[in-house]
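Chemist: Structure incoming, see below.
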Amino acid sequence: MTSNLDRRARTHLLREDGQEDVCFATYAPSTGAMRTTAVLNDLVLPSRGERQVHGNVSFSGSYVVRAASMAASQGLGIALMHSHPDGAGWQGMSLVDHTTEHSYARLAETITGYPLVGMTLAGDKTWSARKWHVDRGPHDAESVRIVGTKLQVSWNHRHRPGPVSTTAQVRTVSAWGEAMQANLVRLRVLVVGVGTVGVDVAIRLVQAGVQHVAVMDFDTVELINLDRLLSATRLDAALHRSKVAVALRAMRAASTALEPVLAGHDLSVCEPAGETMALDYDVIFSCVDRPWPRAVLNQLAYSDLIPVVDGGLAVEPFVDGGMRNATWRAHVVTPGRPCMQCSGQISGAQVARDRAGLLDDETYIRTAGLRPPSRENVSLLAPAVTAAMLGQFVSLTVAPGGLGVPEPLRFSLSSHTLEHLPVETSAGCTYEDATGCGDRRPSLVKEHPAAEITRQNRAHRARRASVRVRRFGQDMLEAAARVIKLC
Ligand SMILES: [Zn+2]
Ligand SMILES: [Zn+2]
């Protein structure tokens with residue numbers, strides 16, 4: 001849920017008189033490859049006579065029908081929320097809770113077509129949640145995420161116990177304490193684009209102990225990448241290894257978690273399978289520079305409430321040599337902060353051209369008088385972009401001083417100035433208007449021919465390279481055998 005909705009629900013459910021209370025919320029499902037999330041939309045507060053507060057709380061069947069009918073008219077499901085004012089941490093269900101939720105699970109699902117979600121708010125502001133199956137009963141959620149300028153997560157310790165920190169993490173833990181570390185390392189983090197900055201970000205995350213880190217990229221390591229791609233070798237380029245495989249190798253070597261769960265997705269986030277995979281994660285790093293994938297991530301930040309840490313480097317060389325300036329910027333795309341379109345990072349026209357494949361068409365770029373995509377990149381400056389993005393990630397998750405993420409930040413190298421960019425959400429922003437719509441998001445994904453061609457080329461070239469390596473290996477053996485004979 002958004003932090004705004006969390007605040008409104010707490011105001012209603014945690015009463016000044018200390019009694020329990022109840023309300024409904026509508027939700028949209030958000031379906032990933034491995035997990036389903038109920039993205040809360042709005043509260044349906046009780047009208048007069050629909051609930052009675054008497055220490056505990058009870059409510060009428062007509063309240064359930066009203067909330068479910070309202071949700072159904074918008075194509076949404078409902079969540080039944082109640083409070084345990086004296087509770088702390090993830091809450092179990094009392095017999096009364098179980099009986100009440102069970103008795104309305106079938107009715108809610110019949111009216112809305114979606115399973116009833118039960119939620120409990122403890123007095124210490126911890127949420128707990130479960131999804132009801134009308135025959136099999138409740139299934140406990142893994143976590144409840146509150147998303148805004150901070151990401152606050154209530155963890156179900158039974159499903160996701162906080163990992164024990166390792167000796168290798170002592171210095172990291174000393175920065176923010178065991179409890180914060182346990183929160184941080186349980187987040188599922190996806191890095192989209194493992195070029196210069198992406199691979200660096202992924203390595204830093206696993207070094208800090210984050211358990212679930214995945215990388216997504218469809219590209220292949222080339223010789224031209226070696227001046228800035230951490231851990232990539234000439235052999236990787238010669239064997240046409242995928243960037244994902246090379247990043248994973250570096251991540252496995254760097255991880256300090258006891259049981260790391262690292263994954264590589266050889267996909268584009270613009271493909272349906274890539275988008276579905278992305279929905280399994282709690283935070284996404286956008287380390288891609290093309291407008292289409294950035295638009296897809298920009299959308300997920302609002303429609304599915306997955307904060308996206310975005311950043312990039314722009315180098316301005318003089319045409320006759322030398323450098324005019326370099327700037328790098330970083331921001332978090334999340335409810336409460338403007339989206340990439342409002343902050344001028346992408347435009348509808350650029351996204352449409354990229355989706356149509358026109359940005360891969362040099363003839364079109366020339367005849368349309370467009371600037372070709374910028375290719376300047378410098379390994380000496382890339383760590384500054386990584387640092388700027390990781391700083392935003394720490395602000396989002398650890399929130400030093402209780403503050404969350406700032407407005408977009410931009411550093412200018414020539415003048416050494418850091419600007420807080422005063423951008424605001426535009427009226428009628430379609431991305432931010434779609435906040436919380438989950439699977440009903442307007443689709444931006446489709447087949448991505450450039451990704452498909454890159455994967456096919458790699459498979460073809462890798463087969464030829466592996467034949468060469470096998471032959472080379474045989475020659476070496478024969479040469480060694482001759483040397484041994486001579487000896
Ligand atoms: Zn209860
Ligand atoms: Zn916007």
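Letters A, B, ... go to the chains of the structure tokens in the order shown; residues in each chain start at 1; ligands are counted from 1 in the same order.
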Grab me every residue within 6 Å of ligand 1, counting only C-alpha atoms and all ligand atoms, and send it over as a PDB file with N, CA, C and O atoms, in the first residue's frame.

Modeler:
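Ended up saving to selection03.pdb:
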ATOM      1  N   HIS A  84      -5.359  -4.738  16.328  1.00  0.00           N
ATOM      2  CA  HIS A  84      -5.033  -5.307  17.642  1.00  0.00           C
ATOM      3  C   HIS A  84      -4.245  -4.230  18.388  1.00  0.00           C
ATOM      4  O   HIS A  84      -3.018  -4.228  18.335  1.00  0.00           O
ATOM      5  N   MET A  93      -4.011 -15.092  14.188  1.00  0.00           N
ATOM      6  CA  MET A  93      -5.454 -14.851  14.218  1.00  0.00           C
ATOM      7  C   MET A  93      -6.062 -15.514  15.441  1.00  0.00           C
ATOM      8  O   MET A  93      -5.768 -16.686  15.728  1.00  0.00           O
ATOM      9  N   SER A  94      -6.931 -14.781  16.158  1.00  0.00           N
ATOM     10  CA  SER A  94      -7.700 -15.393  17.238  1.00  0.00           C
ATOM     11  C   SER A  94      -8.782 -16.271  16.615  1.00  0.00           C
ATOM     12  O   SER A  94      -9.025 -16.193  15.397  1.00  0.00           O
ATOM     13  N   ASP A  97     -11.244 -14.046  14.996  1.00  0.00           N
ATOM     14  CA  ASP A  97     -10.739 -13.515  13.710  1.00  0.00           C
ATOM     15  C   ASP A  97     -10.945 -14.554  12.612  1.00  0.00           C
ATOM     16  O   ASP A  97     -11.425 -14.243  11.513  1.00  0.00           O
TER      17      ASP A  97
END

Chemist: Pick out each residue of stretch 11-215 of chain A that DSSP on the backbone tags as strand (DSSP E or B); I need them as a VMD selection string.

Modeler: chain A and resid 22 to 31 36 to 44 51 to 54 56 to 59 77 to 84 117 to 122 127 to 133 137 to 140 143 to 147 151 to 155 188 to 192 212 to 215

Chemist: Within 12 Å of ligand 2, counting only C-alpha atoms and all ligand atoms: which residues, as a ChimeraX atom specification?

Modeler: /A:295,298-299,301-303,333-348,423-435

Chemist: What would the file look like if the residues just selected were written as a PDB file, in the first residue's frame with C-alpha atoms?

Modeler:
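Generated file (out_15.pdb):
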ATOM      1  CA  ALA A 295       8.930   3.596 -19.288  1.00  0.00           C
ATOM      2  CA  ASN A 298       8.349   3.892 -14.494  1.00  0.00           C
ATOM      3  CA  GLN A 299       4.931   2.291 -14.822  1.00  0.00           C
ATOM      4  CA  ALA A 301       6.761   1.935  -9.749  1.00  0.00           C
ATOM      5  CA  TYR A 302       3.224   3.331  -9.566  1.00  0.00           C
ATOM      6  CA  SER A 303       0.898   0.602 -10.880  1.00  0.00           C
ATOM      7  CA  VAL A 333      10.509   6.759  -8.778  1.00  0.00           C
ATOM      8  CA  THR A 334       7.840   6.074  -6.171  1.00  0.00           C
ATOM      9  CA  PRO A 335       4.460   7.448  -5.033  1.00  0.00           C
ATOM     10  CA  GLY A 336       5.193  10.817  -3.432  1.00  0.00           C
ATOM     11  CA  ARG A 337       7.920  11.638  -5.957  1.00  0.00           C
ATOM     12  CA  PRO A 338       7.459  12.591  -9.634  1.00  0.00           C
ATOM     13  CA  CYS A 339       7.770   9.938 -12.326  1.00  0.00           C
ATOM     14  CA  MET A 340      10.436   9.809 -15.032  1.00  0.00           C
ATOM     15  CA  GLN A 341       8.162  11.513 -17.548  1.00  0.00           C
ATOM     16  CA  CYS A 342       7.316  14.396 -15.195  1.00  0.00           C
ATOM     17  CA  SER A 343      11.001  14.839 -14.386  1.00  0.00           C
ATOM     18  CA  GLY A 344      11.839  14.960 -18.107  1.00  0.00           C
ATOM     19  CA  GLN A 345      13.790  11.686 -18.216  1.00  0.00           C
ATOM     20  CA  ILE A 346      11.558  10.102 -20.847  1.00  0.00           C
ATOM     21  CA  SER A 347       8.920  11.416 -23.223  1.00  0.00           C
ATOM     22  CA  GLY A 348       5.937   9.722 -24.826  1.00  0.00           C
ATOM     23  CA  VAL A 423      10.317  18.826 -10.390  1.00  0.00           C
ATOM     24  CA  GLU A 424       6.684  18.169  -9.647  1.00  0.00           C
ATOM     25  CA  THR A 425       4.058  15.760 -10.901  1.00  0.00           C
ATOM     26  CA  SER A 426       2.328  17.190 -13.987  1.00  0.00           C
ATOM     27  CA  ALA A 427      -1.434  17.497 -13.984  1.00  0.00           C
ATOM     28  CA  GLY A 428      -2.916  14.424 -15.638  1.00  0.00           C
ATOM     29  CA  CYS A 429       0.240  12.288 -15.466  1.00  0.00           C
ATOM     30  CA  THR A 430      -0.960   8.942 -16.811  1.00  0.00           C
ATOM     31  CA  TYR A 431       1.723   6.959 -14.978  1.00  0.00           C
ATOM     32  CA  GLU A 432       0.899   8.388 -11.566  1.00  0.00           C
ATOM     33  CA  ASP A 433      -2.840   8.285 -12.259  1.00  0.00           C
ATOM     34  CA  ALA A 434      -2.471   4.506 -12.623  1.00  0.00           C
ATOM     35  CA  THR A 435      -1.123   4.155  -9.052  1.00  0.00           C
TER      36      THR A 435
END

Chemist: Show me, as a tab-separated table (two decimals) with all heavy atoms, in the first residue's frame, the residues that have an atom within 7 Å of A:Arg188 when counting only C-alpha atoms, minus same-chain residues fewer than 4 positions from it.

Modeler:
chain	number	residue	atom	x	y	z
A	212	HIS	N	18.45	-11.89	-1.69
A	212	HIS	CA	17.82	-12.14	-2.99
A	212	HIS	C	18.15	-11.00	-3.93
A	212	HIS	O	17.56	-9.93	-3.84
A	212	HIS	CB	16.29	-12.21	-2.85
A	212	HIS	CG	15.80	-13.44	-2.15
A	212	HIS	ND1	15.19	-14.48	-2.80
A	212	HIS	CD2	15.86	-13.80	-0.85
A	212	HIS	CE1	14.89	-15.42	-1.94
A	212	HIS	NE2	15.27	-15.04	-0.74
A	213	VAL	N	19.10	-11.21	-4.81
A	213	VAL	CA	19.44	-10.19	-5.81
A	213	VAL	C	19.40	-10.87	-7.17
A	213	VAL	O	19.95	-11.96	-7.35
A	213	VAL	CB	20.83	-9.57	-5.57
A	213	VAL	CG1	21.12	-8.48	-6.61
A	213	VAL	CG2	20.93	-8.98	-4.16
A	281	TYR	N	9.78	-8.61	-7.36
A	281	TYR	CA	10.80	-7.92	-6.56
A	281	TYR	C	10.22	-6.73	-5.79
A	281	TYR	O	9.18	-6.18	-6.17
A	281	TYR	CB	11.96	-7.49	-7.47
A	281	TYR	CG	12.67	-8.72	-8.00
A	281	TYR	CD1	12.25	-9.34	-9.18
A	281	TYR	CD2	13.68	-9.33	-7.27
A	281	TYR	CE1	12.85	-10.51	-9.63
A	281	TYR	CE2	14.28	-10.50	-7.71
A	281	TYR	CZ	13.87	-11.08	-8.89
A	281	TYR	OH	14.45	-12.25	-9.32
A	282	ASP	N	10.93	-6.37	-4.69
A	282	ASP	CA	10.47	-5.29	-3.81
A	282	ASP	C	11.04	-3.93	-4.22
A	282	ASP	O	10.42	-2.90	-3.97
A	282	ASP	CB	10.90	-5.57	-2.36
A	282	ASP	CG	10.37	-6.91	-1.87
A	282	ASP	OD1	9.26	-7.29	-2.27
A	282	ASP	OD2	11.08	-7.59	-1.10
A	283	VAL	N	12.23	-3.95	-4.79
A	283	VAL	CA	12.88	-2.72	-5.27
A	283	VAL	C	13.58	-3.06	-6.59
A	283	VAL	O	14.12	-4.16	-6.72
A	283	VAL	CB	13.96	-2.21	-4.27
A	283	VAL	CG1	14.61	-0.94	-4.79
A	283	VAL	CG2	13.38	-1.96	-2.89

Chemist: Identify, on the basis of only C-alpha atoms, every residue whose closest approach to stretch 72-74 of chain A does not exceed 7 Å; exclude the query and any residue fewer than 4 positions from it along the same chain; express the result as a ChimeraX atom specification.

Modeler: /A:68,111-112

Chemist: Would you mind reading off the distance between atom CA of A:Arg249 and atom CA of A:Val378, one decimal, in Å?

Modeler: 22.9 Å

Chemist: Using only C-alpha atoms, which residue out of A:Asn225, A:Gln181, A:Thr327, A:Ser154 lies closest to A:Ala388?

Modeler: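 Smallest distance to A:Ala388 is found for A:Thr327.
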
Chemist: In terms of the shortest atom-to-atom distance over only C-alpha atoms, which of A:Asp217, A:Glu20, A:Asp439, A:Asp304 is closest to A:Leu76?

Modeler: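 Smallest separation from A:Leu76 among the options: A:Asp439.
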
Chemist: If you count only C-alpha atoms, which residues fall within 8 Å of stretch 162-164 of chain A, apart from same-chain ones fewer than 3 positions away, as a PDB file with all heavy atoms, in the first residue's frame?

Modeler:
ATOM      1  N   HIS A 157       7.854 -13.334  10.088  1.00  0.00           N
ATOM      2  CA  HIS A 157       9.124 -13.980  10.453  1.00  0.00           C
ATOM      3  C   HIS A 157       9.077 -15.497  10.259  1.00  0.00           C
ATOM      4  O   HIS A 157      10.110 -16.134  10.137  1.00  0.00           O
ATOM      5  CB  HIS A 157       9.512 -13.644  11.890  1.00  0.00           C
ATOM      6  CG  HIS A 157       9.763 -12.165  12.072  1.00  0.00           C
ATOM      7  ND1 HIS A 157      10.926 -11.548  11.651  1.00  0.00           N
ATOM      8  CD2 HIS A 157       8.983 -11.182  12.581  1.00  0.00           C
ATOM      9  CE1 HIS A 157      10.851 -10.255  11.908  1.00  0.00           C
ATOM     10  NE2 HIS A 157       9.678 -10.000  12.465  1.00  0.00           N
ATOM     11  N   ALA A 182      18.528  -6.729   9.141  1.00  0.00           N
ATOM     12  CA  ALA A 182      17.623  -7.864   8.873  1.00  0.00           C
ATOM     13  C   ALA A 182      16.504  -7.449   7.917  1.00  0.00           C
ATOM     14  O   ALA A 182      16.043  -8.249   7.107  1.00  0.00           O
ATOM     15  CB  ALA A 182      17.048  -8.386  10.183  1.00  0.00           C
ATOM     16  N   ASN A 183      16.065  -6.187   8.007  1.00  0.00           N
ATOM     17  CA  ASN A 183      15.048  -5.692   7.068  1.00  0.00           C
ATOM     18  C   ASN A 183      15.622  -5.580   5.660  1.00  0.00           C
ATOM     19  O   ASN A 183      15.033  -6.013   4.689  1.00  0.00           O
ATOM     20  CB  ASN A 183      14.555  -4.301   7.481  1.00  0.00           C
ATOM     21  CG  ASN A 183      13.571  -4.380   8.630  1.00  0.00           C
ATOM     22  OD1 ASN A 183      12.961  -5.416   8.860  1.00  0.00           O
ATOM     23  ND2 ASN A 183      13.438  -3.291   9.350  1.00  0.00           N
ATOM     24  N   VAL A 185      18.346  -6.890   4.211  1.00  0.00           N
ATOM     25  CA  VAL A 185      18.856  -8.047   3.461  1.00  0.00           C
ATOM     26  C   VAL A 185      17.742  -9.002   3.039  1.00  0.00           C
ATOM     27  O   VAL A 185      17.971  -9.889   2.232  1.00  0.00           O
ATOM     28  CB  VAL A 185      19.945  -8.814   4.252  1.00  0.00           C
ATOM     29  CG1 VAL A 185      21.122  -7.909   4.531  1.00  0.00           C
ATOM     30  CG2 VAL A 185      19.402  -9.425   5.532  1.00  0.00           C
ATOM     31  N   ARG A 186      16.529  -8.809   3.578  1.00  0.00           N
ATOM     32  CA  ARG A 186      15.421  -9.663   3.138  1.00  0.00           C
ATOM     33  C   ARG A 186      14.713  -9.131   1.895  1.00  0.00           C
ATOM     34  O   ARG A 186      13.879  -9.809   1.301  1.00  0.00           O
ATOM     35  CB  ARG A 186      14.407  -9.836   4.281  1.00  0.00           C
ATOM     36  CG  ARG A 186      14.777 -10.984   5.204  1.00  0.00           C
ATOM     37  CD  ARG A 186      13.771 -11.162   6.310  1.00  0.00           C
ATOM     38  NE  ARG A 186      13.880 -10.117   7.317  1.00  0.00           N
ATOM     39  CZ  ARG A 186      13.187 -10.102   8.456  1.00  0.00           C
ATOM     40  NH1 ARG A 186      12.329 -11.066   8.705  1.00  0.00           N
ATOM     41  NH2 ARG A 186      13.351  -9.132   9.331  1.00  0.00           N
ATOM     42  N   LEU A 258      24.740 -15.818   4.118  1.00  0.00           N
ATOM     43  CA  LEU A 258      24.968 -17.245   4.372  1.00  0.00           C
ATOM     44  C   LEU A 258      24.317 -18.092   3.295  1.00  0.00           C
ATOM     45  O   LEU A 258      24.884 -19.089   2.856  1.00  0.00           O
ATOM     46  CB  LEU A 258      24.390 -17.631   5.734  1.00  0.00           C
ATOM     47  CG  LEU A 258      25.267 -17.358   6.954  1.00  0.00           C
ATOM     48  CD1 LEU A 258      24.564 -17.816   8.215  1.00  0.00           C
ATOM     49  CD2 LEU A 258      26.625 -18.045   6.817  1.00  0.00           C
TER      50      LEU A 258
END

Chemist: Using only C-alpha atoms, pick whichever of A:Ser143, A:Leu45, A:Ile306, A:Ala237 has the shortest atom-to-atom distance to A:Leu279.

Modeler: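 Checking each of A:Ser143, A:Leu45, A:Ile306, A:Ala237 against A:Leu279, counting only C-alpha atoms, the winner is A:Ile306.
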